[in-house]
>>> print(open('protein11.txt').read())   # compact mmCIF, C-alpha atoms and all ligand atoms
# COMPACT_ATOMS: atom_id res chain seq x y z
CA MET A 1 44.29 46.56 156.14
CA LYS A 2 47.84 47.59 156.98
CA LEU A 3 47.95 49.62 160.16
CA LEU A 4 50.96 50.76 162.15
CA ILE A 5 50.65 52.28 165.61
CA ARG A 6 53.91 53.94 166.56
CA ASN A 7 55.28 54.26 170.07
CA ALA A 8 52.24 53.32 172.09
CA LEU A 9 52.36 51.87 175.59
CA LEU A 10 51.41 48.20 175.13
CA ILE A 11 49.74 46.80 178.23
CA HIS A 12 50.13 43.07 178.89
CA PRO A 13 47.73 42.59 181.83
CA GLU A 14 48.30 38.82 181.95
CA LYS A 15 52.01 39.45 182.65
CA ASP A 16 51.65 42.66 184.72
CA PHE A 17 53.93 44.24 182.17
CA GLU A 18 53.98 47.36 179.99
CA GLU A 19 56.32 48.31 177.14
CA LYS A 20 56.57 51.21 174.71
CA LYS A 21 56.63 49.73 171.21
CA ASP A 22 55.34 49.96 167.64
CA ILE A 23 52.67 47.46 166.66
CA PHE A 24 51.92 46.47 163.09
CA ILE A 25 48.58 44.89 162.16
CA GLU A 26 47.95 43.43 158.71
CA ASN A 27 44.62 41.90 157.70
CA GLY A 28 43.59 41.65 161.32
CA ILE A 29 46.73 39.86 162.51
CA ILE A 30 49.45 41.33 164.74
CA LYS A 31 52.33 40.91 162.31
CA ASP A 32 55.04 42.59 164.33
CA ILE A 33 55.80 44.31 167.62
CA GLY A 34 59.10 46.17 167.90
CA GLU A 35 61.00 49.42 167.77
CA ASN A 36 61.15 51.71 164.72
CA LEU A 37 59.35 49.16 162.53
CA LYS A 38 59.75 49.86 158.81
CA ILE A 39 56.73 48.74 156.78
CA ASP A 40 56.01 49.37 153.09
CA ASP A 41 52.64 50.33 151.58
CA LEU A 42 51.05 51.31 154.86
CA GLN A 43 47.42 52.39 154.69
CA GLU A 44 47.49 54.12 158.01
CA ILE A 45 49.91 55.21 160.71
CA ILE A 46 48.62 56.19 164.14
CA ASP A 47 50.85 58.21 166.45
CA GLY A 48 50.79 56.22 169.70
CA GLU A 49 52.28 59.00 171.85
CA GLY A 50 50.08 59.33 174.96
CA LYS A 51 48.08 56.27 173.95
CA ILE A 52 47.89 52.80 175.45
CA ILE A 53 46.87 49.54 173.81
CA VAL A 54 45.05 46.91 175.87
CA PRO A 55 44.06 43.42 174.73
CA SER A 56 40.62 41.80 175.15
CA LEU A 57 38.75 44.29 177.34
CA THR A 58 35.93 42.20 178.80
CA ASP A 59 32.87 43.32 180.72
CA ILE A 60 31.25 40.42 182.53
CA HIS A 61 28.21 42.29 183.86
CA THR A 62 25.95 44.00 181.30
CA HIS A 63 22.20 44.14 180.85
CA LEU A 64 21.23 44.18 177.18
CA ARG A 65 17.45 44.03 177.76
CA GLU A 66 16.69 41.90 174.69
CA PRO A 67 14.34 40.06 174.52
CA GLY A 68 11.48 41.95 176.12
CA PHE A 69 12.69 45.43 176.99
CA GLU A 70 14.01 46.60 173.64
CA TRP A 71 12.95 50.19 174.26
CA LYS A 72 15.62 50.32 176.98
CA GLU A 73 18.34 48.58 174.94
CA ASN A 74 18.69 45.83 172.36
CA LEU A 75 21.55 43.66 171.17
CA LEU A 76 22.40 46.16 168.42
CA SER A 77 22.47 49.32 170.57
CA GLY A 78 24.16 47.38 173.39
CA SER A 79 26.83 46.08 170.97
CA MET A 80 27.51 49.58 169.65
CA SER A 81 27.72 50.88 173.19
CA ALA A 82 30.15 48.09 174.15
CA VAL A 83 32.64 48.72 171.33
CA ALA A 84 32.40 52.49 171.83
CA GLY A 85 33.26 51.77 175.46
CA GLY A 86 36.32 49.84 174.25
CA PHE A 87 35.11 46.28 174.87
CA THR A 88 35.89 43.29 172.67
CA SER A 89 33.74 40.89 174.75
CA ILE A 90 30.82 41.25 177.11
CA ALA A 91 28.69 38.83 179.11
CA CYS A 92 25.00 39.67 179.33
CA MET A 93 22.68 39.07 182.27
CA PRO A 94 19.52 37.00 181.90
CA ASN A 95 16.96 39.34 183.52
CA THR A 96 15.13 39.81 180.24
CA SER A 97 11.54 38.93 179.39
CA PRO A 98 11.37 36.02 178.99
CA PRO A 99 14.50 35.48 181.07
CA LEU A 100 17.43 33.63 179.48
CA ASP A 101 16.52 30.37 181.16
CA GLN A 102 16.55 27.90 178.30
CA ARG A 103 18.55 26.73 175.29
CA SER A 104 16.53 28.58 172.64
CA SER A 105 17.13 31.95 174.33
CA ILE A 106 20.86 31.29 174.59
CA GLU A 107 21.03 30.26 170.94
CA TYR A 108 19.15 33.43 170.00
CA ILE A 109 21.70 35.67 171.75
CA TYR A 110 24.61 33.98 169.94
CA LYS A 111 22.85 34.07 166.56
CA ARG A 112 21.78 37.71 166.77
CA SER A 113 25.11 38.95 168.15
CA GLN A 114 26.98 37.19 165.34
CA GLU A 115 24.64 38.78 162.80
CA ILE A 116 25.45 42.21 164.25
CA GLY A 117 29.14 41.31 164.24
CA LEU A 118 30.50 44.00 166.54
CA VAL A 119 31.34 42.70 170.02
CA ASN A 120 31.53 39.10 171.23
CA ILE A 121 28.50 38.54 173.44
CA TYR A 122 28.47 35.66 175.91
CA PRO A 123 25.12 34.96 177.58
CA ILE A 124 24.71 34.16 181.26
CA GLY A 125 21.78 31.81 181.98
CA THR A 126 19.44 32.03 184.96
CA ILE A 127 19.98 29.95 188.08
CA THR A 128 16.26 29.34 188.47
CA LYS A 129 13.38 28.87 186.05
CA GLU A 130 11.75 32.22 185.17
CA ARG A 131 14.16 33.78 187.73
CA GLU A 132 11.54 32.92 190.30
CA GLY A 133 13.96 31.42 192.80
CA LYS A 134 11.90 28.25 193.15
CA GLU A 135 13.30 25.57 190.86
CA LEU A 136 16.69 25.15 189.15
CA SER A 137 16.74 26.05 185.46
CA GLU A 138 17.95 23.64 182.77
CA MET A 139 21.55 24.46 183.62
CA GLY A 140 23.15 21.54 181.76
CA ASP A 141 21.20 22.21 178.60
CA MET A 142 22.04 25.92 178.72
CA TYR A 143 25.68 25.08 179.36
CA SER A 144 25.81 22.95 176.24
CA ALA A 145 24.27 25.90 174.35
CA GLY A 146 27.15 28.10 175.54
CA VAL A 147 26.33 29.97 178.75
CA VAL A 148 29.41 31.21 180.61
CA GLY A 149 27.81 31.54 184.03
CA PHE A 150 24.52 31.35 185.92
CA SER A 151 22.81 34.22 187.71
CA ASP A 152 19.41 35.53 188.77
CA ASP A 153 21.00 39.02 188.90
CA GLY A 154 18.59 41.77 189.75
CA ASP A 155 17.32 39.31 192.35
CA CYS A 156 19.01 37.20 194.97
CA VAL A 157 18.41 33.46 195.25
CA MET A 158 16.82 33.65 198.69
CA ASN A 159 16.33 29.90 199.13
CA SER A 160 19.62 28.54 200.52
CA GLU A 161 18.88 24.95 199.48
CA ILE A 162 18.36 26.03 195.86
CA LEU A 163 21.61 27.95 195.88
CA ARG A 164 23.38 24.96 197.41
CA CYS A 165 22.05 22.73 194.61
CA ALA A 166 23.07 25.30 191.97
CA LEU A 167 26.63 25.44 193.35
CA GLU A 168 26.79 21.66 193.49
CA TYR A 169 25.41 21.19 189.99
CA SER A 170 27.52 23.90 188.33
CA LYS A 171 30.69 22.11 189.45
CA MET A 172 30.06 19.69 186.57
CA PHE A 173 30.69 22.53 184.12
CA ASN A 174 33.28 24.43 186.17
CA THR A 175 31.10 27.51 185.66
CA PRO A 176 30.45 30.07 188.40
CA ILE A 177 27.23 30.94 190.12
CA ILE A 178 27.05 34.73 190.00
CA GLU A 179 25.07 35.98 192.95
CA HIS A 180 23.27 39.28 193.45
CA CYS A 181 23.62 39.32 197.23
CA GLU A 182 20.61 41.00 198.80
CA ASP A 183 18.38 39.75 201.57
CA THR A 184 15.23 41.32 200.18
CA ASN A 185 13.45 40.98 203.53
CA LEU A 186 15.74 43.78 204.68
CA THR A 187 15.47 46.03 201.63
CA GLN A 188 11.73 46.15 200.90
CA GLU A 189 10.81 49.51 199.34
CA GLY A 190 14.33 50.81 199.92
CA SER A 191 15.95 53.10 197.39
CA ILE A 192 19.15 54.40 199.01
CA ASN A 193 21.77 53.24 201.50
CA TRP A 194 20.34 52.76 204.99
CA GLY A 195 21.51 55.35 207.51
CA LYS A 196 21.54 59.03 208.36
CA THR A 197 21.41 60.28 204.77
CA ALA A 198 18.33 58.14 204.05
CA THR A 199 16.66 59.54 207.15
CA ILE A 200 17.52 63.14 206.27
CA LEU A 201 16.24 62.65 202.73
CA GLY A 202 13.12 60.85 203.95
CA LEU A 203 13.83 57.74 201.87
CA LYS A 204 13.62 54.12 202.97
CA GLY A 205 17.09 52.65 203.35
CA MET A 206 18.73 49.41 202.24
CA PRO A 207 21.20 48.29 204.94
CA TRP A 208 24.64 46.84 204.16
CA THR A 209 23.53 43.86 206.26
CA ALA A 210 21.23 42.78 203.42
CA GLU A 211 24.29 42.32 201.20
CA ALA A 212 26.91 41.10 203.66
CA SER A 213 24.67 38.47 205.30
CA ILE A 214 24.02 36.83 201.91
CA VAL A 215 27.71 37.12 200.97
CA ALA A 216 28.48 35.19 204.17
CA ARG A 217 25.77 32.59 203.54
CA ASP A 218 26.92 32.04 199.97
CA ILE A 219 30.56 31.74 200.97
CA PHE A 220 29.63 28.98 203.44
CA LEU A 221 27.58 27.24 200.74
CA ALA A 222 30.56 27.46 198.36
CA GLN A 223 32.76 25.99 201.10
CA LEU A 224 30.27 23.19 201.71
CA THR A 225 29.85 22.29 198.04
CA GLY A 226 33.24 23.19 196.56
CA GLY A 227 31.32 25.11 193.86
CA LYS A 228 32.55 28.32 192.23
CA LEU A 229 30.91 31.50 193.51
CA HIS A 230 31.25 34.93 191.90
CA ILE A 231 29.85 37.82 193.93
CA ALA A 232 28.36 40.60 191.82
CA HIS A 233 28.77 44.32 192.55
CA VAL A 234 30.22 44.31 196.10
CA SER A 235 29.50 47.61 197.80
CA CYS A 236 30.30 47.49 201.53
CA TRP A 237 33.37 46.83 203.67
CA GLN A 238 31.71 44.01 205.55
CA SER A 239 31.33 41.99 202.32
CA ILE A 240 34.99 42.64 201.55
CA GLU A 241 36.03 41.29 204.96
CA MET A 242 34.00 38.11 204.35
CA ILE A 243 35.51 37.62 200.90
CA LYS A 244 39.01 38.18 202.29
CA TRP A 245 38.32 35.49 204.85
CA ALA A 246 36.96 33.09 202.21
CA LYS A 247 40.00 33.57 199.99
CA LYS A 248 42.29 32.91 202.95
CA TYR A 249 40.59 29.56 203.44
CA GLY A 250 40.84 28.62 199.76
CA ILE A 251 37.10 28.81 199.11
CA LYS A 252 36.41 29.29 195.39
CA VAL A 253 35.12 32.82 195.48
CA THR A 254 35.73 35.79 193.18
CA CYS A 255 34.09 39.20 193.17
CA GLU A 256 33.59 42.37 191.18
CA VAL A 257 33.05 46.07 191.80
CA THR A 258 31.51 48.84 189.67
CA PRO A 259 33.01 52.28 188.96
CA HIS A 260 30.00 53.97 190.57
CA HIS A 261 30.54 52.21 193.89
CA LEU A 262 34.23 53.16 193.71
CA ILE A 263 33.68 56.79 192.79
CA LEU A 264 30.35 57.90 194.30
CA THR A 265 28.83 57.76 197.77
CA GLU A 266 25.32 58.26 199.13
CA ASP A 267 26.21 61.95 199.59
CA TYR A 268 25.95 62.36 195.82
CA VAL A 269 22.22 61.60 196.00
CA LYS A 270 21.86 64.64 198.24
CA GLU A 271 24.27 66.79 196.23
CA THR A 272 22.36 66.12 193.00
CA ASN A 273 19.02 66.83 194.63
CA TYR A 274 17.76 63.25 194.34
CA ASP A 275 18.90 62.63 190.75
CA PRO A 276 17.24 59.26 189.93
CA ASP A 277 20.35 58.36 187.91
CA THR A 278 22.13 57.90 191.24
CA LYS A 279 19.62 55.17 192.16
CA VAL A 280 21.28 51.80 191.80
CA ASN A 281 21.14 48.41 193.45
CA PRO A 282 23.16 47.86 195.60
CA PRO A 283 22.91 51.52 196.61
CA LEU A 284 25.80 53.96 196.71
CA ARG A 285 27.25 53.58 200.19
CA THR A 286 29.52 55.55 202.52
CA LYS A 287 33.03 57.02 202.30
CA GLU A 288 34.25 54.20 204.55
CA ASP A 289 32.88 51.58 202.14
CA GLN A 290 34.34 53.42 199.18
CA GLU A 291 37.84 53.45 200.70
CA ALA A 292 37.54 49.74 201.56
CA LEU A 293 36.65 48.98 197.93
CA TRP A 294 39.71 50.81 196.58
CA LYS A 295 41.93 49.06 199.12
CA ALA A 296 40.46 45.66 198.24
CA LEU A 297 41.08 46.38 194.58
CA GLU A 298 44.74 47.11 195.28
CA GLU A 299 45.07 44.04 197.48
CA ASP A 300 43.47 41.80 194.84
CA ILE A 301 40.56 40.88 197.08
CA ILE A 302 38.43 42.33 194.28
CA ASP A 303 39.12 40.46 191.06
CA ALA A 304 37.19 42.41 188.44
CA ILE A 305 35.77 45.84 187.62
CA VAL A 306 32.46 45.70 185.74
CA SER A 307 30.06 48.27 184.29
CA ASP A 308 26.80 46.71 185.55
CA HIS A 309 25.47 48.48 182.46
CA ALA A 310 21.77 48.86 183.33
CA PRO A 311 20.15 51.03 180.65
CA HIS A 312 16.67 52.40 181.35
CA HIS A 313 14.27 54.55 179.38
CA GLN A 314 13.68 58.03 180.79
CA ASP A 315 10.07 57.07 181.53
CA ASP A 316 11.45 54.53 184.01
CA LYS A 317 13.86 57.02 185.56
CA LEU A 318 12.27 60.48 185.57
CA LYS A 319 10.09 59.80 188.57
CA GLU A 320 10.12 60.44 192.28
CA TYR A 321 13.31 58.87 193.65
CA ASN A 322 11.56 55.99 195.42
CA LEU A 323 9.62 55.07 192.27
CA ALA A 324 12.46 55.25 189.73
CA GLU A 325 14.14 52.06 188.46
CA PHE A 326 17.54 50.99 189.78
CA GLY A 327 20.49 51.17 187.39
CA ILE A 328 23.20 53.11 185.59
CA SER A 329 24.11 53.04 181.90
CA GLY A 330 27.79 52.25 182.26
CA LEU A 331 29.47 50.73 179.20
CA GLU A 332 30.61 54.00 177.65
CA THR A 333 32.12 55.59 180.75
CA ILE A 334 33.81 52.75 182.65
CA ILE A 335 37.21 53.10 180.96
CA PRO A 336 37.63 56.90 181.34
CA LEU A 337 36.23 56.68 184.91
CA ILE A 338 38.77 54.06 185.91
CA ILE A 339 41.64 55.84 184.13
CA THR A 340 40.70 59.22 185.64
CA TYR A 341 39.96 58.10 189.20
CA GLY A 342 42.05 54.93 189.49
CA HIS A 343 45.13 55.79 187.51
CA LEU A 344 45.38 59.60 187.32
CA SER A 345 43.98 60.47 190.77
CA ARG A 346 44.95 57.46 192.87
CA LYS A 347 48.09 56.65 190.85
CA LEU A 348 47.23 52.97 190.54
CA ASN A 349 49.28 51.04 188.06
CA LEU A 350 47.66 50.83 184.59
CA SER A 351 48.29 47.15 183.91
CA LYS A 352 47.06 46.19 187.38
CA LEU A 353 43.86 48.21 186.93
CA LEU A 354 43.19 47.07 183.37
CA LYS A 355 43.86 43.44 184.30
CA LYS A 356 40.59 43.66 186.25
CA ILE A 357 38.70 44.65 183.09
CA SER A 358 40.41 42.16 180.75
CA TYR A 359 42.42 39.14 181.86
CA ASN A 360 40.78 38.50 185.25
CA PRO A 361 37.13 38.70 184.13
CA SER A 362 37.87 36.57 181.07
CA LYS A 363 39.32 33.90 183.37
CA ILE A 364 36.37 34.08 185.79
CA LEU A 365 33.88 33.24 183.00
CA ASN A 366 36.26 31.29 180.80
CA ILE A 367 35.88 33.75 177.92
CA PRO A 368 38.66 33.73 175.27
CA TYR A 369 41.46 36.21 176.03
CA ILE A 370 43.84 37.08 173.22
CA PRO A 371 47.12 38.72 174.38
CA LEU A 372 49.07 41.31 172.38
CA GLU A 373 51.54 38.95 170.74
CA LYS A 374 53.04 38.59 167.32
CA GLY A 375 50.96 36.15 165.24
CA ASN A 376 47.76 36.61 167.29
CA ILE A 377 44.57 38.00 165.86
CA ALA A 378 44.20 41.68 166.87
CA ASN A 379 41.58 41.92 169.63
CA LEU A 380 42.46 45.19 171.26
CA THR A 381 41.59 48.72 172.24
CA VAL A 382 43.55 51.93 171.84
CA ILE A 383 42.90 54.37 174.69
CA ASP A 384 44.00 57.99 174.43
CA LEU A 385 45.21 59.02 177.88
CA LYS A 386 45.34 62.67 176.84
CA LYS A 387 41.84 62.81 175.46
CA GLU A 388 39.64 64.80 177.82
CA LYS A 389 35.90 64.96 177.29
CA VAL A 390 32.78 65.87 179.21
CA VAL A 391 30.31 62.99 179.59
CA ASN A 392 27.28 63.72 177.41
CA PRO A 393 24.72 60.89 177.57
CA LEU A 394 23.05 62.19 174.42
CA GLU A 395 26.17 61.04 172.56
CA PHE A 396 25.89 57.48 173.96
CA PHE A 397 25.25 54.68 171.49
CA SER A 398 23.32 53.00 174.28
CA LYS A 399 19.62 53.77 174.43
CA GLY A 400 20.09 54.23 178.18
CA LYS A 401 21.08 57.83 178.91
CA ASN A 402 20.85 57.25 182.67
CA THR A 403 24.21 58.21 184.09
CA PRO A 404 25.02 60.10 187.28
CA PHE A 405 28.32 61.09 185.62
CA LYS A 406 26.69 63.42 183.08
CA GLY A 407 28.67 66.66 182.83
CA TRP A 408 31.79 65.12 184.42
CA ARG A 409 35.09 65.86 182.68
CA LEU A 410 37.02 62.61 182.25
CA ARG A 411 40.32 61.57 180.69
CA GLY A 412 41.41 58.40 178.91
CA TRP A 413 38.80 57.58 176.25
CA PRO A 414 38.84 54.62 173.87
CA VAL A 415 39.57 55.82 170.31
CA LEU A 416 39.89 52.53 168.42
CA THR A 417 38.42 49.08 169.08
CA ILE A 418 39.42 46.06 167.01
CA VAL A 419 37.43 42.87 167.61
CA LYS A 420 38.88 39.65 166.20
CA GLY A 421 40.83 41.52 163.54
CA LYS A 422 38.01 43.86 162.49
CA ILE A 423 37.92 47.60 163.24
CA VAL A 424 34.52 48.20 164.83
CA PHE A 425 34.95 51.60 166.50
CA LYS A 426 37.16 54.46 165.44
CA GLU A 427 37.24 58.08 166.61
CA GLY A 428 33.67 58.23 167.77
CA LYS A 429 32.14 56.18 164.95
CA ILE A 430 30.88 52.59 164.75
CA ILE A 431 32.38 50.81 161.77
CA ASN A 432 31.51 47.58 159.97
CA VAL A 433 28.21 46.90 161.66
CA GLN A 434 26.24 44.16 159.92
CA GLY A 435 22.77 42.69 160.33
CA ILE A 436 20.88 45.84 161.42
O1 LIG B 501 20.89 48.71 189.64
C1 LIG B 501 20.69 47.62 189.17
N1 LIG B 501 20.05 47.47 187.98
N2 LIG B 501 21.09 46.53 189.85
C2 LIG B 501 20.75 45.29 189.45
O2 LIG B 501 21.14 44.36 190.10
C3 LIG B 501 19.90 45.09 188.26
C4 LIG B 501 20.02 46.21 187.34
C5 LIG B 501 18.96 46.21 186.25
O3 LIG B 501 18.72 45.16 185.66
O4 LIG B 501 18.42 47.28 185.94
>>> encode(input="protein11.txt", output="structure tokens")
Amino acid sequence: MKLLIRNALLIHPEKDFEEKKDIFIENGIIKDIGENLKIDDLQEIIDGEGKIIVPSLTDIHTHLREPGFEWKENLLSGSMSAVAGGFTSIACMPNTSPPLDQRSSIEYIYKRSQEIGLVNIYPIGTITKEREGKELSEMGDMYSAGVVGFSDDGDCVMNSEILRCALEYSKMFNTPIIEHCEDTNLTQEGSINWGKTATILGLKGMPWTAEASIVARDIFLAQLTGGKLHIAHVSCWQSIEMIKWAKKYGIKVTCEVTPHHLILTEDYVKETNYDPDTKVNPPLRTKEDQEALWKALEEDIIDAIVSDHAPHHQDDKLKEYNLAEFGISGLETIIPLIITYGHLSRKLNLSKLLKKISYNPSKILNIPYIPLEKGNIANLTVIDLKKEKVVNPLEFFSKGKNTPFKGWRLRGWPVLTIVKGKIVFKEGKIINVQGI
């Protein structure tokens, strides 16, 4: 393979730096970066005008549903979805059946994802056995099998003593505890944000207090233990204030946000006439929360942007709102959503935004990050900033068609994904898939 991309904007998120250059890739290696490169016997030249190139896009919050819920997603469809979404690495959550709570499950994820050979998949192990919240899982054994973090995501670890032990124990591996912060005593049977909209719609609400009170508890446990805490999908301003405070005091806390919490509010549930694809946990909140999330992103209180890719079958979604499952299929829309709403509408700097979907998340979970540098293996994504397309879930590679963004016109779509030197996605097609 001899590929030259001319005049693209190269993004170097790790250096907060962008430059317009040619990039030459031969046999999977970045052979040269420069101006007006002259190369013989080229197989392909891509015009980089209007395109950006980003290294190592990494999504640290995806649900791949295998083993146990393969009708919603499996490692193959999830891998295709990830590379179509532009990702070179993803970390998958352990709320499968059985949950990823032991060595053999972790080994299975690595083995199967290597067979498929598209995206690098890094498993996250459970905090507790069976995700039951009662007893710590075999964290050390799972760590030696390669987990990059521990989480009972989908559920909160309600027992404070168990979470304290998990934070204490995980220090040995320098691996974060990823917490789904929700006091479930406050959210029973809830399906939307708590407040006026819930009352008008006649739905039981989930108050922000359920999230922020656990964020506060966990921050104090991280302070007590010195363990590393990563807070999943923050959604309300009160959580942000707590995290800001924790960072000020040097507590080891990081956090993430999803595009849907940045872009949608509870009003969209009403506007879409109770579309179950707007049902997500934590719920879409208020305009005030949304503005606080954008501000926290700019101020680096929020470290990462994640898809929280939660694919569901239509049988789980096409129900009355209160009965539908929580979750949004997000891998294939996160990049154009963030480009359209973060960069084009809010004018946020591209390298700053993309750092939160590449360099920062890779550092949080200690996942390899390969910068755009001469001599490095090509692990990168080309995004066409001019490409405008309407979101059509039927075109998703993911089995989960559940997106509230269906019919939205977005700009900035991935057009080429190269994972460890191998082209895996190009102009709408998956390439080089193995082990089907
Ligand atoms: O909406 C959600 N769906 N939130 C979660 O925390 C879990 C996820 C899922 O697994 O479907």
>>> residues_near_ligand(input="protein11.txt", ligand="ligand LIG 501 (chain B)", cutoff="7 Å", atoms="only C-alpha atoms and all ligand atoms", output="number ranges by chain")
A: 63, 95, 153-155, 180, 280-282, 310-311, 325-328
>>> residues_around(input="protein11.txt", residues="Tyr110 (chain A)", least_positions_apart="2", cutoff="12 Å", atoms="all atoms listed in the file", output="number ranges by chain")
A: 75, 90-92, 100, 103-108, 112-117, 119-124, 145-147
>>> residues_around(input="protein11.txt", residues="region 217-225 of chain A", least_positions_apart="6", cutoff="9 Å", atoms="only C-alpha atoms", output="list in words")
Ser160, Leu163, Arg164, Cys165, Leu167, Glu168, Lys171, Glu179, Cys181, Ile231, Met242, Ile243, Ala246, Tyr249, Gly250, Ile251, Lys252 and Val253 of chain A
>>> atom_distance(input="protein11.txt", atom1="CA of Met93 (chain A)", atom2="CA of Cys236 (chain A)")
22.4 Å
>>> atom_distance(input="protein11.txt", atom1="CA of Asp277 (chain A)", atom2="CA of Pro259 (chain A)")
14.1 Å
>>> atom_distance(input="protein11.txt", atom1="CA of Ile339 (chain A)", atom2="CA of Ile263 (chain A)")
11.8 Å
>>> closest_residue(input="protein11.txt", among="A:Ile60, A:Leu331, A:Leu353, A:Ile430", to="Gly85 (chain A)", atoms="only C-alpha atoms")
A:Leu331
>>> closest_residue(input="protein11.txt", among="A:Asp152, A:Asp141, A:Glu73, A:Glu427", to="Phe173 (chain A)", atoms="all atoms listed in the file")
A:Asp141
>>> residues_around(input="protein11.txt", residues="region 16-29 of chain A", least_positions_apart="4", cutoff="7 Å", atoms="all atoms listed in the file", output="tab-separated table (two decimals) with C-alpha atoms, in the frame of the given file")
chain	number	residue	atom	x	y	z
A	1	MET	CA	44.29	46.56	156.14
A	2	LYS	CA	47.84	47.59	156.98
A	3	LEU	CA	47.95	49.62	160.16
A	4	LEU	CA	50.96	50.76	162.15
A	5	ILE	CA	50.65	52.28	165.61
A	6	ARG	CA	53.91	53.94	166.56
A	7	ASN	CA	55.28	54.26	170.07
A	8	ALA	CA	52.24	53.32	172.09
A	9	LEU	CA	52.36	51.87	175.59
A	10	LEU	CA	51.41	48.20	175.13
A	11	ILE	CA	49.74	46.80	178.23
A	12	HIS	CA	50.13	43.07	178.89
A	33	ILE	CA	55.80	44.31	167.62
A	34	GLY	CA	59.10	46.17	167.90
A	35	GLU	CA	61.00	49.42	167.77
A	36	ASN	CA	61.15	51.71	164.72
A	37	LEU	CA	59.35	49.16	162.53
A	351	SER	CA	48.29	47.15	183.91
A	352	LYS	CA	47.06	46.19	187.38
A	375	GLY	CA	50.96	36.15	165.24
A	376	ASN	CA	47.76	36.61	167.29
A	377	ILE	CA	44.57	38.00	165.86
A	378	ALA	CA	44.20	41.68	166.87
A	421	GLY	CA	40.83	41.52	163.54
A	422	LYS	CA	38.01	43.86	162.49
>>> closest_residue(input="protein11.txt", among="A:Ile383, A:Ser137, A:Ser239, A:Cys156", to="Lys426 (chain A)", atoms="all atoms listed in the file")
A:Ile383
>>> closest_residue(input="protein11.txt", among="A:Leu64, A:Glu189, A:Ala304, A:Leu284", to="Pro361 (chain A)", atoms="only C-alpha atoms")
A:Ala304
>>> closest_residue(input="protein11.txt", among="A:Asn379, A:Lys72, A:Ile338, A:Gly412", to="Val424 (chain A)", atoms="all atoms listed in the file")
A:Asn379
>>> residues_around(input="protein11.txt", residues="Phe87 (chain A)", least_positions_apart="4", cutoff="9 Å", atoms="all atoms listed in the file", output="list in words")
Ser56, Leu57, Thr58, Asp59, Ser81, Ala82, Val83, Val119, Asn120, Leu331, Ser358, Leu380, Thr381, Thr417, Ile418 and Val419 of chain A
>>> residues_near_point(input="protein11.txt", point="(15.1, 43.2, 205.2)", cutoff="12 Å", atoms="all atoms listed in the file", output="list of chain:residue names")
A:Met158, A:Glu182, A:Asp183, A:Thr184, A:Asn185, A:Leu186, A:Thr187, A:Gln188, A:Glu189, A:Gly190, A:Trp194, A:Lys204, A:Gly205, A:Met206, A:Pro207, A:Trp208, A:Thr209, A:Ala210, A:Glu211, A:Ser213, A:Ile214
>>> residues_around(input="protein11.txt", residues="Leu394 (chain A)", least_positions_apart="5", cutoff="12 Å", atoms="all atoms listed in the file", output="list in words")
Ser329, Glu332, Lys399, Gly400, Lys401, Asn402, Thr403, Lys406 and Gly407 of chain A
>>> closest_residue(input="protein11.txt", among="A:Pro276, A:Pro283, A:Pro336, A:Gly68", to="His233 (chain A)", atoms="all atoms listed in the file")
A:Pro283
>>> axis_aligned_box(input="protein11.txt", around="region 377-396 of chain A", padding_each_side="5 Å", output="JSON")
{"center_x": 34.2, "center_y": 51.9, "center_z": 172.7, "size_x": 32.3, "size_y": 37.9, "size_z": 23.7}
>>> residues_near_point(input="protein11.txt", point="(24.0, 65.3, 204.0)", cutoff="10 Å", atoms="only C-alpha atoms", output="list in words")
Lys196, Thr197, Ala198, Thr199, Ile200, Leu201, Glu266, Asp267, Tyr268, Val269, Lys270 and Glu271 of chain A
>>> write_last_selection(input="protein11.txt", atoms="C-alpha atoms", output="PDB file, keeping the file's coordinate frame")
ATOM      1  CA  LYS A 196      21.540  59.030 208.360  1.00  0.00           C
ATOM      2  CA  THR A 197      21.410  60.280 204.770  1.00  0.00           C
ATOM      3  CA  ALA A 198      18.330  58.140 204.050  1.00  0.00           C
ATOM      4  CA  THR A 199      16.660  59.540 207.150  1.00  0.00           C
ATOM      5  CA  ILE A 200      17.520  63.140 206.270  1.00  0.00           C
ATOM      6  CA  LEU A 201      16.240  62.650 202.730  1.00  0.00           C
ATOM      7  CA  GLU A 266      25.320  58.260 199.130  1.00  0.00           C
ATOM      8  CA  ASP A 267      26.210  61.950 199.590  1.00  0.00           C
ATOM      9  CA  TYR A 268      25.950  62.360 195.820  1.00  0.00           C
ATOM     10  CA  VAL A 269      22.220  61.600 196.000  1.00  0.00           C
ATOM     11  CA  LYS A 270      21.860  64.640 198.240  1.00  0.00           C
ATOM     12  CA  GLU A 271      24.270  66.790 196.230  1.00  0.00           C
TER      13      GLU A 271
END
